[in-house]
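Accompanying notes for the structure given below.
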Amino acid sequence: MPHLETILAHAGCVPDPATGAVVSPLHLATTFERAPDGSYPHGYLYSRHGNPTRHQLETTLAAAEGGTACATFSSGLAASVAVLQSLQAGDHVILADDVYYGVRVLVTEQFARWGLEASIVDLTNLEALKSALRPKTRLVWAETPSNPLLKITDLQAAAEVVQETGARLLVDSTWAPPLLQRPLDLGADLVLHSLTKYLAGHSDVLGGALVARADDAFFASIRALQAQAGAVLDPFGAWLTMRGMRTLAARLRIQCENARLLATFLAGHPHVARVHYPGLASHAGHEIAARQMRDFGGMLSFEVNGTEAEAMAVAARVQVFRRATSLGGTESLIEHRASIEPPDSLTPRTLLRVSVGLEHPKDLVADLEQALRK
Ligand SMILES: Cc1ncc(COP(=O)(O)O)c(C=O)c1O
């Protein structure tokens, strides 16, 4: 098996037998011709069921995560819905307390109506996880680093606890794509990605993926939902995601380095009360992150020393950063997180979340320096 960097650099680059083109063609066809005997000689019938470009992405993502199967969806949340719909009414799910708020809303507002029970638990505390487990717990939903507090869950330890009960451990690894972290290697059963972020990497694709350790009955249900419910990733989105994956290693190297520099700068700034970045030795999850991640990622958040209005004012003054939601693109983004999350969010009102891009680090530091002036 080639190294991960090699798998990624060749994503979507199987030479086309018809033309010799080194970049695989984009298959936009929605339907595929039957042979005279009625069979589908290339295995494709209709694009909602399967599409060659999407299939190529799924195979590459499964290899990159060290899994056996992958299904891609029209967004990270559509992938999340397929997992939740594969559970039964009355099943119990444990969600990390700092899970992406969209997933929490989905579970508590939508799936509660269909009889899914949920507990919100601090998964950095293994004792809390153990005591939240019930006989009907079927799924534990972790996210590490988490959004937006960058809490770190010890995946190996959590997987051991979850496996003993027969439940599944799902890890939303959107903030730590395969080069930074491979949850399946640490014992997780499923990995979820919002492809919208680092994997596609250019803020121009909306997509989601699930990679499974075992191609079992649960994953068969997810795949069936992909075809039956139809929230599939479109072929152009799949093609663009592979194009993005080809440069993931290079992008992440710069993003991690820039984030490290920014976190250090912010940690020493008098108008910053707290920096959340697992690469800082002072971060509560630093040692676990150093063990389970190859590097600490391009995401960080910080709390402004002052009021919510002052935090908003800092976000309003940036000129190199863009003031917008989302993450993982080439451009640096800053966002006042609590104002887009529901009122019961745990996010401090003075917190700004930063997605670090590929700009020169001196431009980023200078921009935050001028934005943080009182
Ligand atoms: C950690 C995490 N998971 C899932 C999602 C949802 O992904 P999408 O926006 O592609 O539906 C997001 C979106 O911000 C995210 O940050």
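Residue numbering restarts at 1 for every chain of the structure tokens, chains are lettered A, B, ... in their displayed order, and ligands are numbered from 1 as they appear.
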
inquiry  = List the spatial neighbours of A:Ala250 as a ChimeraX atom specification - criterion: any atom at most 10 Å away, only C-alpha atoms, same-chain residues fewer than 3 positions off excluded.
reply    = /A:5,9,245-247,253-255,358

With N, CA, C and O atoms retained, write the just-selected residues as a tab-separated table (two decimals), in the first residue's frame.
```
chain	number	residue	atom	x	y	z
A	5	GLU	N	0.36	10.21	1.48
A	5	GLU	CA	0.63	11.36	0.61
A	5	GLU	C	0.51	10.95	-0.85
A	5	GLU	O	0.03	11.73	-1.69
A	9	ALA	N	-2.02	12.40	-3.57
A	9	ALA	CA	-1.49	13.10	-4.76
A	9	ALA	C	-2.06	12.50	-6.05
A	9	ALA	O	-2.14	13.18	-7.07
A	245	MET	N	-8.10	17.06	-2.95
A	245	MET	CA	-7.32	16.10	-2.15
A	245	MET	C	-5.89	15.96	-2.65
A	245	MET	O	-4.98	15.65	-1.89
A	246	ARG	N	-5.68	16.21	-3.95
A	246	ARG	CA	-4.32	16.06	-4.51
A	246	ARG	C	-3.32	17.01	-3.85
A	246	ARG	O	-2.13	16.74	-3.82
A	247	THR	N	-3.80	18.13	-3.33
A	247	THR	CA	-2.87	19.09	-2.71
A	247	THR	C	-3.05	19.15	-1.18
A	247	THR	O	-2.51	20.06	-0.54
A	253	ARG	N	0.39	21.33	5.51
A	253	ARG	CA	1.70	21.68	6.08
A	253	ARG	C	1.73	23.18	6.40
A	253	ARG	O	2.13	23.60	7.47
A	254	ILE	N	1.26	23.98	5.44
A	254	ILE	CA	1.28	25.44	5.65
A	254	ILE	C	0.23	25.84	6.69
A	254	ILE	O	0.48	26.67	7.56
A	255	GLN	N	-0.96	25.25	6.60
A	255	GLN	CA	-2.03	25.63	7.53
A	255	GLN	C	-1.64	25.32	8.98
A	255	GLN	O	-1.89	26.13	9.88
A	358	LEU	N	-3.62	29.88	3.71
A	358	LEU	CA	-2.27	29.75	3.13
A	358	LEU	C	-1.55	31.08	2.97
A	358	LEU	O	-0.51	31.13	2.31
```

task = With a distance cut-off of 9 Å and only C-alpha atoms, select the neighbouring residues of stretch 98-107 of chain A, excluding the residue or stretch itself and same-chain residues fewer than 6 positions from it, and output the selection as a PyMOL selection string.
result = chain A and resi 77+80-81+84+116-118+120-123+141-144+146-151+172+341-342+345-347

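Near ligand 1, at distances of 6 Å or less and with only C-alpha atoms and all ligand atoms counted, sit the residues Ser75, Gly76, Leu77, Tyr100, Asn147, Thr174, Ser194, Thr196, Leu206, Gly207, Gly208 and Ser326 of chain A.
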
query = Which residues come within 10 Å of A:Ala11, counting only C-alpha atoms, excluding same-chain residues fewer than 2 positions away, as a ChimeraX atom specification?
reply = /A:5-9,13-14,23-24,56-57,59-61,64,239,241-247

task = Write out as a PyMOL selection string all residues of stretch 153-374 of chain A that DSSP puts in alpha helix (DSSP H) for this structure's backbone.
result = chain A and resi 155-165+217-229+235-245+248-267+286-292+308-317+361-371

query = With distances taken over only C-alpha atoms, which of A:Leu368, A:Ile334, A:Leu266, A:Val354 is nearest to A:Ser301?
reply = A:Val354

key: Spatial neighbours of A:Ser47, max dist 12 Å, only C-alpha atoms, sep filter under 4 positions, as number ranges by chain   = A: 27-33, 43, 51-55, 226-228, 230-235

How would the residues just chosen look if you wrote them out with C-alpha atoms as a PDB file, in the first residue's frame?
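Dumped everything to selection_35.pdb:
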```
ATOM      1  CA  HIS A  27     -18.791  11.469 -15.652  1.00  0.00           C
ATOM      2  CA  LEU A  28     -21.891  13.626 -15.679  1.00  0.00           C
ATOM      3  CA  ALA A  29     -24.200  10.977 -17.206  1.00  0.00           C
ATOM      4  CA  THR A  30     -27.231  10.176 -15.095  1.00  0.00           C
ATOM      5  CA  THR A  31     -28.000   6.873 -16.825  1.00  0.00           C
ATOM      6  CA  PHE A  32     -26.030   3.945 -18.252  1.00  0.00           C
ATOM      7  CA  GLU A  33     -26.750   1.628 -21.184  1.00  0.00           C
ATOM      8  CA  GLY A  43     -21.836  -1.983 -13.011  1.00  0.00           C
ATOM      9  CA  ASN A  51     -21.610   7.065 -10.568  1.00  0.00           C
ATOM     10  CA  PRO A  52     -18.043   6.367 -11.786  1.00  0.00           C
ATOM     11  CA  THR A  53     -16.646   9.704 -10.576  1.00  0.00           C
ATOM     12  CA  ARG A  54     -18.316   9.426  -7.190  1.00  0.00           C
ATOM     13  CA  HIS A  55     -17.205   5.817  -6.931  1.00  0.00           C
ATOM     14  CA  GLN A 226     -27.712   6.968  -0.048  1.00  0.00           C
ATOM     15  CA  ALA A 227     -29.484   5.479  -3.080  1.00  0.00           C
ATOM     16  CA  GLN A 228     -33.038   5.473  -1.699  1.00  0.00           C
ATOM     17  CA  GLY A 230     -30.901  10.340  -2.845  1.00  0.00           C
ATOM     18  CA  ALA A 231     -28.790  12.947  -1.013  1.00  0.00           C
ATOM     19  CA  VAL A 232     -25.818  11.924  -3.160  1.00  0.00           C
ATOM     20  CA  LEU A 233     -22.710  13.951  -3.904  1.00  0.00           C
ATOM     21  CA  ASP A 234     -22.956  15.257  -7.474  1.00  0.00           C
ATOM     22  CA  PRO A 235     -20.247  14.103  -9.926  1.00  0.00           C
TER      23      PRO A 235
END
```

With a distance cut-off of 9 Å and only C-alpha atoms, select the neighbouring residues of A:Leu252, excluding the residue or stretch itself and same-chain residues fewer than 4 positions from it, and output the selection as a PDB file with all heavy atoms, in the first residue's frame.
```
ATOM      1  N   LEU A 179      -4.415  12.979   6.913  1.00  0.00           N
ATOM      2  CA  LEU A 179      -2.986  13.169   7.185  1.00  0.00           C
ATOM      3  C   LEU A 179      -2.729  13.561   8.632  1.00  0.00           C
ATOM      4  O   LEU A 179      -1.612  13.418   9.129  1.00  0.00           O
ATOM      5  CB  LEU A 179      -2.410  14.256   6.277  1.00  0.00           C
ATOM      6  CG  LEU A 179      -2.035  13.768   4.882  1.00  0.00           C
ATOM      7  CD1 LEU A 179      -1.776  14.926   3.969  1.00  0.00           C
ATOM      8  CD2 LEU A 179      -0.824  12.850   4.939  1.00  0.00           C
ATOM      9  N   LEU A 180      -3.733  14.102   9.302  1.00  0.00           N
ATOM     10  CA  LEU A 180      -3.536  14.532  10.690  1.00  0.00           C
ATOM     11  C   LEU A 180      -3.984  13.464  11.678  1.00  0.00           C
ATOM     12  O   LEU A 180      -3.466  13.374  12.780  1.00  0.00           O
ATOM     13  CB  LEU A 180      -4.317  15.829  10.971  1.00  0.00           C
ATOM     14  CG  LEU A 180      -3.917  17.048  10.140  1.00  0.00           C
ATOM     15  CD1 LEU A 180      -4.711  18.271  10.574  1.00  0.00           C
ATOM     16  CD2 LEU A 180      -2.425  17.322  10.272  1.00  0.00           C
ATOM     17  N   TYR A 198     -11.641  20.637   4.654  1.00  0.00           N
ATOM     18  CA  TYR A 198     -10.254  20.450   4.203  1.00  0.00           C
ATOM     19  C   TYR A 198     -10.123  19.563   2.973  1.00  0.00           C
ATOM     20  O   TYR A 198      -9.245  19.776   2.143  1.00  0.00           O
ATOM     21  CB  TYR A 198      -9.400  19.849   5.329  1.00  0.00           C
ATOM     22  CG  TYR A 198      -9.074  20.872   6.370  1.00  0.00           C
ATOM     23  CD1 TYR A 198      -9.777  20.914   7.569  1.00  0.00           C
ATOM     24  CD2 TYR A 198      -8.079  21.821   6.158  1.00  0.00           C
ATOM     25  CE1 TYR A 198      -9.507  21.874   8.522  1.00  0.00           C
ATOM     26  CE2 TYR A 198      -7.793  22.784   7.111  1.00  0.00           C
ATOM     27  CZ  TYR A 198      -8.511  22.807   8.284  1.00  0.00           C
ATOM     28  OH  TYR A 198      -8.236  23.761   9.217  1.00  0.00           O
ATOM     29  N   THR A 247      -3.801  18.134  -3.325  1.00  0.00           N
ATOM     30  CA  THR A 247      -2.871  19.092  -2.707  1.00  0.00           C
ATOM     31  C   THR A 247      -3.047  19.153  -1.181  1.00  0.00           C
ATOM     32  O   THR A 247      -2.506  20.058  -0.540  1.00  0.00           O
ATOM     33  CB  THR A 247      -3.098  20.516  -3.281  1.00  0.00           C
ATOM     34  OG1 THR A 247      -4.471  20.873  -3.090  1.00  0.00           O
ATOM     35  CG2 THR A 247      -2.748  20.586  -4.756  1.00  0.00           C
ATOM     36  N   LEU A 248      -3.789  18.205  -0.622  1.00  0.00           N
ATOM     37  CA  LEU A 248      -4.072  18.278   0.817  1.00  0.00           C
ATOM     38  C   LEU A 248      -2.793  18.304   1.659  1.00  0.00           C
ATOM     39  O   LEU A 248      -2.673  19.102   2.597  1.00  0.00           O
ATOM     40  CB  LEU A 248      -4.958  17.096   1.240  1.00  0.00           C
ATOM     41  CG  LEU A 248      -5.353  17.081   2.722  1.00  0.00           C
ATOM     42  CD1 LEU A 248      -6.264  18.255   3.054  1.00  0.00           C
ATOM     43  CD2 LEU A 248      -6.052  15.780   3.094  1.00  0.00           C
ATOM     44  N   CYS A 256      -1.030  24.151   9.196  1.00  0.00           N
ATOM     45  CA  CYS A 256      -0.616  23.801  10.573  1.00  0.00           C
ATOM     46  C   CYS A 256       0.465  24.759  11.055  1.00  0.00           C
ATOM     47  O   CYS A 256       0.441  25.208  12.203  1.00  0.00           O
ATOM     48  CB  CYS A 256      -0.092  22.364  10.636  1.00  0.00           C
ATOM     49  SG  CYS A 256      -1.373  21.116  10.396  1.00  0.00           S
ATOM     50  N   GLU A 257       1.407  25.089  10.179  1.00  0.00           N
ATOM     51  CA  GLU A 257       2.505  25.980  10.571  1.00  0.00           C
ATOM     52  C   GLU A 257       1.955  27.384  10.874  1.00  0.00           C
ATOM     53  O   GLU A 257       2.305  27.992  11.891  1.00  0.00           O
ATOM     54  CB  GLU A 257       3.532  26.025   9.419  1.00  0.00           C
ATOM     55  CG  GLU A 257       4.868  26.649   9.773  1.00  0.00           C
ATOM     56  CD  GLU A 257       5.488  26.091  11.059  1.00  0.00           C
ATOM     57  OE1 GLU A 257       5.378  24.881  11.306  1.00  0.00           O
ATOM     58  OE2 GLU A 257       6.061  26.898  11.822  1.00  0.00           O
ATOM     59  N   GLY A 297      -3.275  20.777  13.285  1.00  0.00           N
ATOM     60  CA  GLY A 297      -4.354  21.295  12.458  1.00  0.00           C
ATOM     61  C   GLY A 297      -4.307  22.798  12.245  1.00  0.00           C
ATOM     62  O   GLY A 297      -3.464  23.515  12.812  1.00  0.00           O
ATOM     63  N   GLY A 298      -5.243  23.247  11.418  1.00  0.00           N
ATOM     64  CA  GLY A 298      -5.283  24.648  11.003  1.00  0.00           C
ATOM     65  C   GLY A 298      -6.420  25.419  11.638  1.00  0.00           C
ATOM     66  O   GLY A 298      -6.735  26.524  11.204  1.00  0.00           O
ATOM     67  N   LEU A 358      -3.618  29.885   3.706  1.00  0.00           N
ATOM     68  CA  LEU A 358      -2.266  29.748   3.134  1.00  0.00           C
ATOM     69  C   LEU A 358      -1.554  31.082   2.966  1.00  0.00           C
ATOM     70  O   LEU A 358      -0.510  31.135   2.309  1.00  0.00           O
ATOM     71  CB  LEU A 358      -2.353  29.071   1.755  1.00  0.00           C
ATOM     72  CG  LEU A 358      -3.069  27.728   1.676  1.00  0.00           C
ATOM     73  CD1 LEU A 358      -2.989  27.175   0.254  1.00  0.00           C
ATOM     74  CD2 LEU A 358      -2.456  26.726   2.637  1.00  0.00           C
TER      75      LEU A 358
END
```

message = List as number ranges by chain the protein and nucleic acid residues near A:Ser355, meaning an atom at most 8 Å away when only C-alpha atoms are counted, but skip any in the same chain fewer than 5 places from it.
response = A: 298-300, 326-329, 332-334
